[in-house]
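Shown next: my_file_10.cif, containing mmCIF, C-alpha atoms and all ligand atoms.
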data_work
#
loop_
_atom_site.group_PDB
_atom_site.id
_atom_site.type_symbol
_atom_site.label_atom_id
_atom_site.label_comp_id
_atom_site.auth_asym_id
_atom_site.auth_seq_id
_atom_site.Cartn_x
_atom_site.Cartn_y
_atom_site.Cartn_z
ATOM 1 C CA MET A 1 82.737 52.430 149.303
ATOM 2 C CA ARG A 2 83.848 54.425 152.304
ATOM 3 C CA VAL A 3 85.700 52.481 155.007
ATOM 4 C CA PRO A 4 84.188 53.455 158.362
ATOM 5 C CA ILE A 5 86.530 55.236 160.765
ATOM 6 C CA VAL A 6 86.170 55.284 164.537
ATOM 7 C CA ALA A 7 88.564 57.430 166.536
ATOM 8 C CA ALA A 8 89.374 57.720 170.225
ATOM 9 C CA ASN A 9 90.117 61.272 171.320
ATOM 10 C CA TRP A 10 91.569 60.837 174.803
ATOM 11 C CA LYS A 11 91.867 64.608 175.248
ATOM 12 C CA MET A 12 93.986 65.408 178.344
ATOM 13 C CA ASN A 13 93.814 61.922 179.843
ATOM 14 C CA LYS A 14 96.183 59.012 180.555
ATOM 15 C CA VAL A 15 99.745 58.898 181.773
ATOM 16 C CA GLN A 16 102.104 56.516 179.995
ATOM 17 C CA ALA A 17 101.346 53.441 182.122
ATOM 18 C CA GLU A 18 97.624 53.891 181.467
ATOM 19 C CA ALA A 19 98.241 54.393 177.777
ATOM 20 C CA ARG A 20 100.301 51.209 177.619
ATOM 21 C CA ALA A 21 97.653 49.098 179.361
ATOM 22 C CA TYR A 22 94.943 50.571 177.124
ATOM 23 C CA CYS A 23 96.798 49.860 173.890
ATOM 24 C CA ARG A 24 97.700 46.328 174.928
ATOM 25 C CA ARG A 25 94.056 45.604 175.637
ATOM 26 C CA LEU A 26 92.870 47.220 172.411
ATOM 27 C CA ARG A 27 95.322 45.143 170.394
ATOM 28 C CA GLU A 28 93.966 42.026 172.055
ATOM 29 C CA LEU A 29 90.412 43.006 171.189
ATOM 30 C CA VAL A 30 90.799 43.918 167.526
ATOM 31 C CA PRO A 31 90.741 40.815 165.304
ATOM 32 C CA GLU A 32 92.830 40.634 162.179
ATOM 33 C CA GLY A 33 91.060 42.154 159.187
ATOM 34 C CA PHE A 34 88.632 44.147 161.349
ATOM 35 C CA PRO A 35 86.658 46.160 158.778
ATOM 36 C CA VAL A 36 86.748 49.537 160.548
ATOM 37 C CA GLU A 37 89.691 51.942 160.572
ATOM 38 C CA LEU A 38 90.600 52.640 164.204
ATOM 39 C CA VAL A 39 92.634 55.654 165.293
ATOM 40 C CA VAL A 40 93.760 56.515 168.823
ATOM 41 C CA PHE A 41 94.613 60.105 169.768
ATOM 42 C CA PRO A 42 96.671 60.138 172.977
ATOM 43 C CA PRO A 43 98.166 63.250 174.547
ATOM 44 C CA PHE A 44 101.644 64.079 173.174
ATOM 45 C CA THR A 45 103.374 62.546 176.195
ATOM 46 C CA ALA A 46 101.935 59.093 175.481
ATOM 47 C CA LEU A 47 102.654 59.009 171.739
ATOM 48 C CA GLY A 48 105.900 57.076 172.244
ATOM 49 C CA VAL A 49 104.225 54.375 174.286
ATOM 50 C CA VAL A 50 101.281 54.148 171.907
ATOM 51 C CA ARG A 51 103.622 53.740 168.976
ATOM 52 C CA GLU A 52 105.581 51.042 170.821
ATOM 53 C CA VAL A 53 102.466 49.002 171.612
ATOM 54 C CA LEU A 54 100.354 49.593 168.494
ATOM 55 C CA GLY A 55 103.192 49.515 165.939
ATOM 56 C CA GLY A 56 102.699 46.678 163.477
ATOM 57 C CA SER A 57 98.972 46.400 164.227
ATOM 58 C CA GLN A 58 96.153 47.718 162.057
ATOM 59 C CA ILE A 59 95.319 50.354 164.690
ATOM 60 C CA LYS A 60 96.587 53.815 163.809
ATOM 61 C CA TRP A 61 97.407 56.746 166.046
ATOM 62 C CA GLY A 62 97.517 60.482 165.711
ATOM 63 C CA ALA A 63 98.037 63.796 167.471
ATOM 64 C CA GLN A 64 95.334 65.955 168.983
ATOM 65 C CA ASN A 65 97.032 69.177 167.964
ATOM 66 C CA ALA A 66 100.061 70.690 166.236
ATOM 67 C CA HIS A 67 101.370 74.158 165.473
ATOM 68 C CA PRO A 68 101.274 75.037 161.773
ATOM 69 C CA GLU A 69 104.915 76.174 161.676
ATOM 70 C CA SER A 70 107.599 73.499 161.553
ATOM 71 C CA LYS A 71 109.841 75.211 164.137
ATOM 72 C CA GLY A 72 110.492 78.508 165.845
ATOM 73 C CA ALA A 73 109.787 80.674 168.872
ATOM 74 C CA PHE A 74 106.411 79.253 169.870
ATOM 75 C CA THR A 75 106.810 78.348 173.534
ATOM 76 C CA GLY A 76 104.824 75.301 174.525
ATOM 77 C CA GLU A 77 103.908 74.260 170.997
ATOM 78 C CA VAL A 78 104.712 71.076 169.081
ATOM 79 C CA SER A 79 105.184 70.892 165.301
ATOM 80 C CA LEU A 80 104.337 68.305 162.688
ATOM 81 C CA PRO A 81 107.957 67.277 162.007
ATOM 82 C CA MET A 82 108.254 66.543 165.746
ATOM 83 C CA LEU A 83 105.075 64.492 165.689
ATOM 84 C CA LEU A 84 106.051 62.613 162.548
ATOM 85 C CA GLU A 85 108.901 61.122 164.581
ATOM 86 C CA TYR A 86 106.201 59.311 166.529
ATOM 87 C CA GLY A 87 104.730 57.749 163.436
ATOM 88 C CA ILE A 88 101.427 59.619 163.508
ATOM 89 C CA SER A 89 99.018 59.005 160.657
ATOM 90 C CA TYR A 90 96.415 61.600 161.660
ATOM 91 C CA LEU A 91 96.047 65.068 163.122
ATOM 92 C CA ILE A 92 92.873 66.474 164.689
ATOM 93 C CA VAL A 93 92.263 70.011 163.466
ATOM 94 C CA GLY A 94 89.655 72.484 164.654
ATOM 95 C CA HIS A 95 88.308 70.583 167.638
ATOM 96 C CA SER A 96 85.711 72.730 169.403
ATOM 97 C CA GLU A 97 87.800 72.688 172.579
ATOM 98 C CA ARG A 98 90.671 74.260 170.644
ATOM 99 C CA ARG A 99 88.300 76.749 169.059
ATOM 100 C CA ASN A 100 86.360 77.690 172.170
ATOM 101 C CA ILE A 101 88.676 77.185 175.149
ATOM 102 C CA PHE A 102 91.908 78.235 173.426
ATOM 103 C CA GLY A 103 90.374 80.726 171.033
ATOM 104 C CA GLU A 104 91.774 79.266 167.818
ATOM 105 C CA PRO A 105 90.330 81.196 164.875
ATOM 106 C CA ASP A 106 89.308 79.719 161.532
ATOM 107 C CA ASP A 107 92.365 81.020 159.656
ATOM 108 C CA PHE A 108 94.751 79.439 162.183
ATOM 109 C CA ILE A 109 92.886 76.146 161.867
ATOM 110 C CA ALA A 110 93.173 76.381 158.079
ATOM 111 C CA LYS A 111 96.957 76.795 158.435
ATOM 112 C CA LYS A 112 97.158 73.679 160.601
ATOM 113 C CA LEU A 113 95.216 71.724 158.033
ATOM 114 C CA ARG A 114 97.570 72.947 155.309
ATOM 115 C CA SER A 115 100.638 71.895 157.333
ATOM 116 C CA ALA A 116 99.158 68.488 158.024
ATOM 117 C CA LEU A 117 98.417 67.913 154.348
ATOM 118 C CA ASP A 118 101.884 69.144 153.363
ATOM 119 C CA SER A 119 103.409 66.724 155.892
ATOM 120 C CA GLY A 120 101.570 63.810 154.360
ATOM 121 C CA VAL A 121 99.361 63.035 157.355
ATOM 122 C CA CYS A 122 95.597 62.666 157.239
ATOM 123 C CA SER A 123 93.411 65.106 159.141
ATOM 124 C CA ILE A 124 90.181 64.991 161.016
ATOM 125 C CA LEU A 125 88.675 68.443 160.547
ATOM 126 C CA CYS A 126 86.109 69.068 163.292
ATOM 127 C CA VAL A 127 83.133 71.311 162.695
ATOM 128 C CA GLY A 128 80.034 71.970 164.753
ATOM 129 C CA GLU A 129 77.759 74.654 166.068
ATOM 130 C CA LYS A 130 77.039 75.827 169.616
ATOM 131 C CA LEU A 131 73.582 75.456 171.139
ATOM 132 C CA GLU A 132 72.688 79.122 170.748
ATOM 133 C CA GLU A 133 73.746 78.963 167.102
ATOM 134 C CA ARG A 134 71.498 75.950 166.502
ATOM 135 C CA ARG A 135 68.613 77.663 168.294
ATOM 136 C CA ALA A 136 69.114 80.749 166.148
ATOM 137 C CA GLY A 137 68.873 78.583 163.000
ATOM 138 C CA LYS A 138 72.536 79.240 162.194
ATOM 139 C CA ALA A 139 73.962 75.718 162.486
ATOM 140 C CA ARG A 140 74.601 75.282 158.773
ATOM 141 C CA GLU A 141 76.038 78.741 158.348
ATOM 142 C CA VAL A 142 78.501 78.109 161.198
ATOM 143 C CA VAL A 143 79.533 74.713 159.865
ATOM 144 C CA GLU A 144 80.026 76.106 156.359
ATOM 145 C CA ARG A 145 82.188 78.887 157.725
ATOM 146 C CA GLN A 146 84.323 76.236 159.449
ATOM 147 C CA LEU A 147 84.471 74.135 156.281
ATOM 148 C CA ALA A 148 86.076 77.111 154.573
ATOM 149 C CA ALA A 149 89.352 75.776 156.071
ATOM 150 C CA LEU A 150 89.252 73.538 152.989
ATOM 151 C CA ALA A 151 89.788 76.474 150.625
ATOM 152 C CA GLY A 152 92.994 75.797 148.732
ATOM 153 C CA VAL A 153 92.830 72.052 149.357
ATOM 154 C CA SER A 154 92.911 69.993 146.157
ATOM 155 C CA ALA A 155 90.472 67.179 145.448
ATOM 156 C CA GLU A 156 93.374 64.742 145.757
ATOM 157 C CA GLU A 157 94.286 66.143 149.168
ATOM 158 C CA LEU A 158 90.668 66.045 150.258
ATOM 159 C CA GLU A 159 90.841 62.265 150.168
ATOM 160 C CA ARG A 160 93.143 62.556 153.203
ATOM 161 C CA VAL A 161 90.632 64.629 155.153
ATOM 162 C CA VAL A 162 87.910 63.220 157.380
ATOM 163 C CA ILE A 163 85.208 65.635 158.530
ATOM 164 C CA ALA A 164 83.912 65.219 162.077
ATOM 165 C CA TYR A 165 80.563 66.850 162.735
ATOM 166 C CA GLU A 166 80.596 67.487 166.465
ATOM 167 C CA PRO A 167 77.838 69.792 167.681
ATOM 168 C CA VAL A 168 79.339 71.565 170.679
ATOM 169 C CA TRP A 169 76.232 71.033 172.811
ATOM 170 C CA ALA A 170 76.537 67.253 172.413
ATOM 171 C CA ILE A 171 80.182 66.999 173.512
ATOM 172 C CA GLY A 172 80.623 65.514 176.955
ATOM 173 C CA THR A 173 77.018 66.261 177.881
ATOM 174 C CA GLY A 174 75.436 62.828 177.522
ATOM 175 C CA VAL A 175 72.958 64.481 175.136
ATOM 176 C CA PRO A 176 73.830 63.281 171.637
ATOM 177 C CA ALA A 177 72.366 64.859 168.513
ATOM 178 C CA ARG A 178 69.250 63.148 167.197
ATOM 179 C CA PRO A 179 70.307 60.828 164.364
ATOM 180 C CA GLU A 180 68.057 62.722 161.919
ATOM 181 C CA ASP A 181 69.764 66.007 162.801
ATOM 182 C CA ALA A 182 73.217 64.430 162.454
ATOM 183 C CA GLN A 183 72.246 62.998 159.055
ATOM 184 C CA GLU A 184 70.807 66.319 157.891
ATOM 185 C CA MET A 185 74.044 68.116 158.724
ATOM 186 C CA ALA A 186 76.240 65.356 157.276
ATOM 187 C CA ALA A 187 74.249 65.457 154.021
ATOM 188 C CA SER A 188 74.594 69.221 153.911
ATOM 189 C CA ILE A 189 78.365 68.915 154.462
ATOM 190 C CA ARG A 190 78.567 66.407 151.611
ATOM 191 C CA ARG A 191 76.594 68.709 149.299
ATOM 192 C CA TRP A 192 78.939 71.564 150.218
ATOM 193 C CA LEU A 193 81.904 69.333 149.354
ATOM 194 C CA ALA A 194 80.309 68.160 146.094
ATOM 195 C CA ASP A 195 79.795 71.770 144.965
ATOM 196 C CA ARG A 196 83.520 72.413 145.358
ATOM 197 C CA PHE A 197 85.219 69.069 144.821
ATOM 198 C CA GLY A 198 82.803 67.173 142.580
ATOM 199 C CA ASP A 199 82.829 63.397 142.794
ATOM 200 C CA THR A 200 85.553 63.348 145.459
ATOM 201 C CA ALA A 201 82.865 64.348 147.964
ATOM 202 C CA GLU A 202 81.544 60.799 147.773
ATOM 203 C CA LYS A 203 84.879 59.479 148.999
ATOM 204 C CA VAL A 204 85.108 61.732 152.072
ATOM 205 C CA ARG A 205 84.259 60.133 155.374
ATOM 206 C CA ILE A 206 82.080 62.132 157.735
ATOM 207 C CA GLN A 207 82.085 61.186 161.407
ATOM 208 C CA TYR A 208 79.581 62.094 164.043
ATOM 209 C CA GLY A 209 80.931 63.057 167.471
ATOM 210 C CA GLY A 210 79.262 64.027 170.729
ATOM 211 C CA SER A 211 78.243 61.607 173.491
ATOM 212 C CA VAL A 212 78.704 58.521 171.318
ATOM 213 C CA LYS A 213 78.346 55.302 173.345
ATOM 214 C CA PRO A 214 78.111 51.611 172.431
ATOM 215 C CA ASP A 215 74.316 51.752 172.702
ATOM 216 C CA ASN A 216 73.838 54.660 170.289
ATOM 217 C CA ALA A 217 76.758 54.206 167.852
ATOM 218 C CA GLY A 218 74.781 51.864 165.596
ATOM 219 C CA GLU A 219 72.044 54.500 165.153
ATOM 220 C CA TYR A 220 74.468 56.918 163.541
ATOM 221 C CA LEU A 221 76.295 54.408 161.449
ATOM 222 C CA LYS A 222 73.226 53.298 159.605
ATOM 223 C CA LEU A 223 72.725 56.847 158.347
ATOM 224 C CA PRO A 224 73.697 57.261 154.688
ATOM 225 C CA ASP A 225 76.139 60.149 155.145
ATOM 226 C CA ILE A 226 77.789 59.144 158.416
ATOM 227 C CA ASP A 227 80.839 56.931 158.148
ATOM 228 C CA GLY A 228 82.191 56.760 161.642
ATOM 229 C CA ALA A 229 82.475 58.334 165.048
ATOM 230 C CA LEU A 230 84.873 60.566 166.941
ATOM 231 C CA VAL A 231 84.587 59.483 170.547
ATOM 232 C CA GLY A 232 85.726 61.301 173.682
ATOM 233 C CA GLY A 233 84.596 60.057 177.105
ATOM 234 C CA ALA A 234 83.514 56.591 175.997
ATOM 235 C CA SER A 235 86.840 56.020 174.249
ATOM 236 C CA LEU A 236 88.807 56.115 177.493
ATOM 237 C CA ASP A 237 88.090 52.475 178.217
ATOM 238 C CA PRO A 238 89.373 50.100 175.511
ATOM 239 C CA ASP A 239 86.513 47.638 175.873
ATOM 240 C CA THR A 240 83.915 50.398 175.542
ATOM 241 C CA PHE A 241 85.753 51.929 172.595
ATOM 242 C CA PHE A 242 85.945 48.566 170.867
ATOM 243 C CA ALA A 243 82.248 47.948 171.610
ATOM 244 C CA ILE A 244 81.515 51.158 169.667
ATOM 245 C CA ALA A 245 83.737 50.033 166.802
ATOM 246 C CA ARG A 246 81.958 46.659 166.747
ATOM 247 C CA GLU A 247 78.580 48.392 166.445
ATOM 248 C CA VAL A 248 79.989 50.313 163.513
ATOM 249 C CA ALA A 249 81.341 47.140 161.906
ATOM 250 C CA ARG A 250 77.931 45.431 162.026
HETATM 251 P P1 LIG B 1 82.389 62.970 174.042
HETATM 252 O O1 LIG B 1 82.343 61.654 173.316
HETATM 253 O O2 LIG B 1 82.975 62.872 175.419
HETATM 254 O O3 LIG B 1 81.078 63.669 173.992
HETATM 255 O O4 LIG B 1 83.433 63.902 173.240
HETATM 256 C C1 LIG B 1 83.314 64.028 171.870
HETATM 257 C C2 LIG B 1 84.542 64.680 171.369
HETATM 258 O O5 LIG B 1 84.790 65.853 171.618
HETATM 259 C C3 LIG B 1 85.467 63.881 170.563
HETATM 260 O O6 LIG B 1 86.407 64.700 169.937
#
Same coordinates, now as structure tokens:
Amino acid sequence: MRVPIVAANWKMNKVQAEARAYCRRLRELVPEGFPVELVVFPPFTALGVVREVLGGSQIKWGAQNAHPESKGAFTGEVSLPMLLEYGISYLIVGHSERRNIFGEPDDFIAKKLRSALDSGVCSILCVGEKLEERRAGKAREVVERQLAALAGVSAEELERVVIAYEPVWAIGTGVPARPEDAQEMAASIRRWLADRFGDTAEKVRIQYGGSVKPDNAGEYLKLPDIDGALVGGASLDPDTFFAIAREVAR
């Protein structure tokens, strides 16, 4: 049985005081033994505060990005050993904003995934096609090309990877994917994994991301191959984020 996972990607939002208030509220909301894994992804500058407030709770936290090298002349970058000092459990890899705004290529994303796995943290590997790619009937081809970041990952390591299917056209647009389209892609991702990793594919959690809200989260979570959500805009308010998690828990 796959434990559902709901994650809050704050992106470039929240100064420390806001992060503190958010985490305090989230801790209040989440009852002991809540059956969904919750992960918060603050910006780097709020990781210390998040750790201080969420430490000792069942809520985990992670980093939105990291450089694959552990140190060196990479001005402006942050490495995994630096992030491990903040107690991160997860790293987001291959988010479409990193791919499309910052031009991160597939091989660079694969290196980040490798570093994360070598550091012992779990990863959320994001995949998803652009609108023109979907319209051209290339959605699966694009997603499979992005999944190739998993080449060289062992089946044992794969258990520490969550796949987030986030169609680019659904991110921040208020236009989520139709549940049947999300399920079709998630099933195709799982088949792709099964061809390469055998039975371990059944253990991998696949999230849907893109305009997830409390009123649509339940639709995705009843789909057989979707095990959680990666939430952007609607995760910025702790009550709304928890309302999504509650839908998933139902
Ligand atoms: P929205 O929930 O704002 O559409 O963002 C999704 C996302 O990119 C999460 O990583």
Report as a tab-separated table (two decimals) with C-alpha atoms, keeping the file's coordinate frame all protein, DNA and RNA residues lying within 12 Å of A:Ala63, evaluated on all atoms listed in the file, omitting residues in the same chain fewer than 2 positions from it.
chain	number	residue	atom	x	y	z
A	7	ALA	CA	88.56	57.43	166.54
A	8	ALA	CA	89.37	57.72	170.22
A	9	ASN	CA	90.12	61.27	171.32
A	10	TRP	CA	91.57	60.84	174.80
A	11	LYS	CA	91.87	64.61	175.25
A	12	MET	CA	93.99	65.41	178.34
A	39	VAL	CA	92.63	55.65	165.29
A	40	VAL	CA	93.76	56.52	168.82
A	41	PHE	CA	94.61	60.10	169.77
A	42	PRO	CA	96.67	60.14	172.98
A	43	PRO	CA	98.17	63.25	174.55
A	44	PHE	CA	101.64	64.08	173.17
A	45	THR	CA	103.37	62.55	176.20
A	46	ALA	CA	101.94	59.09	175.48
A	47	LEU	CA	102.65	59.01	171.74
A	48	GLY	CA	105.90	57.08	172.24
A	50	VAL	CA	101.28	54.15	171.91
A	51	ARG	CA	103.62	53.74	168.98
A	60	LYS	CA	96.59	53.82	163.81
A	61	TRP	CA	97.41	56.75	166.05
A	65	ASN	CA	97.03	69.18	167.96
A	66	ALA	CA	100.06	70.69	166.24
A	67	HIS	CA	101.37	74.16	165.47
A	78	VAL	CA	104.71	71.08	169.08
A	79	SER	CA	105.18	70.89	165.30
A	80	LEU	CA	104.34	68.31	162.69
A	81	PRO	CA	107.96	67.28	162.01
A	82	MET	CA	108.25	66.54	165.75
A	83	LEU	CA	105.08	64.49	165.69
A	84	LEU	CA	106.05	62.61	162.55
A	85	GLU	CA	108.90	61.12	164.58
A	86	TYR	CA	106.20	59.31	166.53
A	87	GLY	CA	104.73	57.75	163.44
A	88	ILE	CA	101.43	59.62	163.51
A	89	SER	CA	99.02	59.00	160.66
A	90	TYR	CA	96.42	61.60	161.66
A	91	LEU	CA	96.05	65.07	163.12
A	92	ILE	CA	92.87	66.47	164.69
A	93	VAL	CA	92.26	70.01	163.47
A	95	HIS	CA	88.31	70.58	167.64
A	116	ALA	CA	99.16	68.49	158.02
A	121	VAL	CA	99.36	63.04	157.35
A	122	CYS	CA	95.60	62.67	157.24
A	123	SER	CA	93.41	65.11	159.14
A	124	ILE	CA	90.18	64.99	161.02
Could you list, as a PyMOL selection string, all the residues within 8 Å of ligand LIG 1 (chain B), counting only C-alpha atoms and all ligand atoms? chain A and resi 8-9+11+95-97+126+166+168+170-174+176+209-213+230-235
Nearest to A:Gln16, chosen from A:Glu202, A:Pro224, A:Glu52, A:Arg2, with all atoms listed in the file counted in the distances: A:Glu52
Specify as a PyMOL selection string each residue included when the PyMOL selection byres (((chain A and resi 146-155) around 9) and not hetatm) is applied to this file. chain A and resi 94+106-111+113-114+117+125-128+141-145+156-159+163+189+192-193+196-201
Between atom CA of A:Lys112 and atom CA of A:Glu37, what is the spacing in Å? 23.0 Å
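Picture a line from atom CA of A:Val161 to atom CA of A:Gly137; it runs 27.0 Å.
Note that atom CA of A:Asn216 and atom CA of A:Leu236 are 16.7 Å apart.
Closest approach to A:Ser57 among A:Val30, A:Ala17, A:Ala229, A:Ala73 is made by A:Val30 (distances from only C-alpha atoms).
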Write out as a list in words each polymer residue whose atoms come within 10 Å of A:Pro4, counting all atoms listed in the file; drop sequence neighbours fewer than 2 positions from it. Met1, Arg2, Val6, Pro35, Val36, Glu37, Leu38, Arg205, Ile206, Gln207, Leu221, Ile226, Asp227, Gly228, Ala229, Ala245, Val248 and Ala249 of chain A
For A:Arg134, the closest of A:Asp118, A:Asp181, A:Asp237, A:Glu69 counting only C-alpha atoms is A:Asp181
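Across A:Glu132, A:Ser115, A:Phe241, A:Cys23, the tightest approach to A:Lys71 is made by A:Ser115 when counting only C-alpha atoms.
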